[in-house]
Each structure stands twice: as C-alpha cells, then as structure tokens.
Amino acid sequence: MPVDTNGVTPRARALAAAIRTVRERSGVSGRELSRRLGLSHGTVSHWETGRRVPTPEDVASLLTAAGVTGKEKQRLVELARHASEPNWLTVGMPGIPHQLAGAVECERSASSIVEWAPSVIPGLLQTSEYARAISTVGGLPAHEVESRVMLRIARREVVVRKNPVHFLALIGEDALRDNIGAPETMREQLQYLLDLNTLENVSVHVVPPRIGWHPGLVGPFVLYDFPDAPSVVHFEHYSSGAFVPDEDDVQAYRHAIDSILKISRSPDITAKLIAEIIDGMEHTR
C-alpha cells in the first residue's frame with residue numbers, strides 16, 4: 001500500500017511532478033493508466049498530487065505502462081525508493097532535473113516564500129530575457145536554454161495567480177547593478193521588479209553592500225512555508241543543492257531572515273533606488 005505522507009518531503013513533491021509529467025507525455029489519461037495498473041483512478045490521482053507516495057514497485061509498474069524505460073525509469077524508481085527521507089542532497093548535473101522539480105512543487109504548494117539572493121534577481125521575479133541571458137552564458141545548448149526559459153515563465157505564475165503565494169525577496173544591491181545580458185535586458189528586468197513590488201503579496205527589500213558581516217554573507221537560500229506540512233529550507237548551488245526540513249535549521253534561517261531584514265531597505269526606498277538605477281542607465285545610452 002502507498003504510504004500517506006501528505007506531500008511532506010521535497011523528494012515526494014518531485015516524484016509527484018515526475019509521475020504527472022510522465023503520464024501527460026505518454027498521452028494516456030489518468031483513468032486509462034489506472035485501468036492498466038488495476039488500480040482506482042483516485043490512487044493514481046493521489047500519486048500525481050503528492051497526497052500519497054507510491055512504492056518503488058508501483059512506480060516501476062506505472063512507468064512500464066506509460067512506456068518509460070532505461071535510465072529515466074531507473075532514476076524515478078530510485079527517487080521513489082527514498083521519497084520519504086526528509087533531507088535531500090543532490091550532486092552533479094544528473095540530479096538537477098529532480099531537484100528543480102522539487103523546487104517547482106514547493107513553489108506551487110507554499111503559502112509563503114522568503115528568498116535571499118545576494119548576487120542575482122530571484123528566479124520567481126526574473127524576466128524571460130534575463131533568464132535567457134543567464135542560461136546562455138552558462139553554456140547550455142540552445143534547445144535547453146529555451147526549455148529553461150519557458151519553465152521560468154511558468155514558475156512565475158505562483159506570484160500572480162488568483163491565490164498568489166506571499167513572496168518576500170531580499171536582494172543584494174549588487175544584483176541590481178550587475179550587467180546580465182544586454183543593457184535593455186537589465187532595464188526591462190529592473191522595471192519588472194518595480195512593477196512586482198507594487199503587488200500586495202510581493203515585498204522587495206534591497207540589502208546594501210559593504211556593511212559588515214551578516215548571516216546573508218554565508219550564501220543564498222530559500223525558505224518555504226506550507227499550510228499543511230513542515231517548512232523547508234532550500235540551498236541551490238551551481239551543480240548541486242539540498243532541501244533541509246530540520247526544525248532547528250529552519251528556525252536558524254528564520255533568525256537569519258530577521259537579521260537581514262534589519263539591515264535591508266524598505267520596499268518604498270528600494271523602489272526609489274531601482275528607479276534611480278534605471279534613470280542612470282537611460283542617461284548613459
């Protein structure tokens with residue numbers, strides 16, 4: 001029998017997203033797939049939403065019914081085998097797709113998100129051209145760049161949907177002044193940031209540089225709070241990352257957020273600073 005986890009762990013969220021994607025790509029309806037597996041439609045539906053976690057054997061059967069074989073099948077069965085484990089460390093590029101799926105599901109399910117981004121605009125606030133510039137410089141193939149950009153655009157929906165997530169963005173001032181892509185790309189990005197800062201559910205605070213030590217200097221992080229599951233801290237690095245739901249760690253990062261907020265500029269002052277940077281860019285054209 002599947003184990004009811006209420007979608008608690010990031011791995012479980014990633015597995016749910018993978019199952020949903022596999023089923024959609026196969027062109028097989030949820031009811032038809034359930035029929036092939038000899039299961040109720042509700043069971044497969046719960047797997048896709050993360051309300052229940054299938055066993056590795058269930059996942060193997062589902063993938064076979066959906067026509068998935070080889071390395072992809074092995075990866076997803078392995079993901080199911082460890083779905084109930086709370087901490088999740090992924091290392092190397094092969095692990096990134098599953099980690100990304102975990103992040104996407106956390107964003108969709110969260111009631112609030114706090115992100116500390118010292119050197120780059122947070123992903124949920126990025127324009128498509130800004131995201132494209134980052135992916136292109138990263139050396140990704142053209143087709144993968146476009147797929148990443150499309151995913152980035154889709155992920156922004158959680159901020160502007162009917163019942164949007166509450167998003168607190170703590171951004172290092174250097175991220176506003178760095179040259180990512182063409183000048184027009186940065187101007188568009190900064191203007192988009194200004195527009196989002198007017199939303200009731202979005203609060204943008206800029207942290208000035210060279211003000212001495214504070215917890216944010218240790219590195220970027222994201223804190224997800226959920227309405228029906230424990231909070232999770234996510235660390236994303238160049239080719240690795242980790243999800244950590246440990247209560248003591250989460251509390252430590254809440255204290256870090258409080259410390260960073262104390263030294264940050266208010267949303268109103270932040271808006272004025274961004275407008276000044278845009279104005280400066282206009283005069284240097």
# chains A, B, ... in the order shown; residues from 1 in each chain; ligands from 1
>>> residues_around(residues="region 197-199 of chain A", least_positions_apart="5", cutoff="8 Å", atoms="only C-alpha atoms", output="CSV table (one decimal) with N, CA and C atoms, in the first residue's frame")
chain,number,residue,atom,x,y,z
A,204,VAL,N,9.8,43.5,-1.9
A,204,VAL,CA,11.1,43.5,-2.3
A,204,VAL,C,12.0,44.4,-1.4
A,267,PRO,N,10.6,48.4,1.2
A,267,PRO,CA,10.1,48.3,-0.2
A,267,PRO,C,10.0,49.7,-0.9
A,271,ALA,N,12.2,50.8,-4.1
A,271,ALA,CA,11.6,51.2,-5.3
A,271,ALA,C,12.3,52.5,-5.8
>>> residues_around(residues="Pro54 (chain A)", least_positions_apart="4", cutoff="10 Å", atoms="only C-alpha atoms", output="list in words")
Met1, Pro2, Val3, Asp4, Ala12, Leu15, Ala16, Thr43, Val44, His46, Trp47, Glu48, Gly50, Asp58, Val59, Ala60, Leu62, Val77, Ala80, Arg81 and Ala83 of chain A
>>> atom_distance(atom1="CA of Leu223 (chain A)", atom2="CA of Leu100 (chain A)")
15.1 Å
>>> closest_residue(among="A:Pro208, A:Pro230, A:Pro56, A:Gly30", to="Thr270 (chain A)", atoms="only C-alpha atoms")
A:Pro208
>>> select_by_dssp(residues="region 120-239 of chain A", states="alpha helix (DSSP H)", output="ChimeraX atom specification")
/A:128-137,142-155,157-160,173-177,183-196
>>> atom_distance(atom1="CA of Ser264 (chain A)", atom2="CA of Asp174 (chain A)")
13.2 Å
>>> atom_distance(atom1="CA of Ser111 (chain A)", atom2="CA of Val160 (chain A)")
13.2 Å
>>> closest_residue(among="A:Ile269, A:Val250, A:Val28, A:Ala131", to="Glu188 (chain A)", atoms="only C-alpha atoms")
A:Ala131
>>> select_by_dssp(residues="region 4-217 of chain A", states="strand (DSSP E)", output="ChimeraX atom specification")
/A:88-91,112-117,166-172,202-207
>>> residues_around(residues="region 101-109 of chain A", least_positions_apart="3", cutoff="7 Å", atoms="only C-alpha atoms", output="PDB file with N, CA and C atoms, in the first residue's frame")
ATOM      1  N   PRO A  10      10.419  17.182   0.012  1.00  0.00           N
ATOM      2  CA  PRO A  10      10.692  17.665  -1.339  1.00  0.00           C
ATOM      3  C   PRO A  10      10.830  16.533  -2.349  1.00  0.00           C
ATOM      4  N   ARG A  11      11.398  15.411  -1.920  1.00  0.00           N
ATOM      5  CA  ARG A  11      11.501  14.263  -2.835  1.00  0.00           C
ATOM      6  C   ARG A  11      10.117  13.797  -3.267  1.00  0.00           C
ATOM      7  N   ARG A  13       7.430  15.563  -3.422  1.00  0.00           N
ATOM      8  CA  ARG A  13       6.887  16.558  -4.343  1.00  0.00           C
ATOM      9  C   ARG A  13       7.483  16.378  -5.736  1.00  0.00           C
ATOM     10  N   ALA A  14       8.788  16.130  -5.796  1.00  0.00           N
ATOM     11  CA  ALA A  14       9.453  15.923  -7.082  1.00  0.00           C
ATOM     12  C   ALA A  14       8.937  14.660  -7.770  1.00  0.00           C
ATOM     13  N   ALA A  17       5.528  15.321  -9.281  1.00  0.00           N
ATOM     14  CA  ALA A  17       5.652  16.088 -10.526  1.00  0.00           C
ATOM     15  C   ALA A  17       6.136  15.194 -11.669  1.00  0.00           C
ATOM     16  N   PRO A  97      17.558  17.979 -12.613  1.00  0.00           N
ATOM     17  CA  PRO A  97      16.154  17.971 -13.005  1.00  0.00           C
ATOM     18  C   PRO A  97      15.206  17.593 -11.878  1.00  0.00           C
ATOM     19  N   HIS A  98      15.555  16.575 -11.068  1.00  0.00           N
ATOM     20  CA  HIS A  98      14.692  16.183  -9.970  1.00  0.00           C
ATOM     21  C   HIS A  98      14.669  17.255  -8.889  1.00  0.00           C
ATOM     22  N   ARG A 155       6.910  29.218 -13.888  1.00  0.00           N
ATOM     23  CA  ARG A 155       7.070  29.263 -12.436  1.00  0.00           C
ATOM     24  C   ARG A 155       6.618  30.596 -11.850  1.00  0.00           C
ATOM     25  N   VAL A 158       2.995  31.496  -9.836  1.00  0.00           N
ATOM     26  CA  VAL A 158       2.612  31.397  -8.429  1.00  0.00           C
ATOM     27  C   VAL A 158       2.550  32.757  -7.755  1.00  0.00           C
ATOM     28  N   TYR A 224      10.617  27.902   2.405  1.00  0.00           N
ATOM     29  CA  TYR A 224       9.237  27.653   2.010  1.00  0.00           C
ATOM     30  C   TYR A 224       8.403  27.321   3.244  1.00  0.00           C
ATOM     31  N   PHE A 226       4.496  26.019   4.299  1.00  0.00           N
ATOM     32  CA  PHE A 226       3.342  25.356   3.710  1.00  0.00           C
ATOM     33  C   PHE A 226       2.158  25.382   4.668  1.00  0.00           C
TER      34      PHE A 226
END
>>> closest_residue(among="A:Arg23, A:Thr9, A:Arg132, A:Ala256", to="Arg51 (chain A)", atoms="only C-alpha atoms")
A:Thr9
>>> closest_residue(among="A:Ala117, A:Val218, A:Leu190, A:Ile211", to="Ala169 (chain A)", atoms="only C-alpha atoms")
A:Ala117
>>> residues_around(residues="Val207 (chain A)", least_positions_apart="3", cutoff="10 Å", atoms="only C-alpha atoms", output="PyMOL selection string")
chain A and resi 116-118+170-175+204+210-211+216+260-266+270
>>> closest_atom_pairs(of="region 169-251 of chain A", to="region 123-130 of chain A", cutoff="7 Å", atoms="only C-alpha atoms", output="tab-separated table")
residue	atom	partner	partner_atom	distance
A:Ile180	CA	A:Tyr130	CA	6.7
A:Gly181	CA	A:Tyr130	CA	6.6
A:Thr185	CA	A:Tyr130	CA	6.0
A:Gln189	CA	A:Thr127	CA	5.7
A:Leu193	CA	A:Leu125	CA	6.6
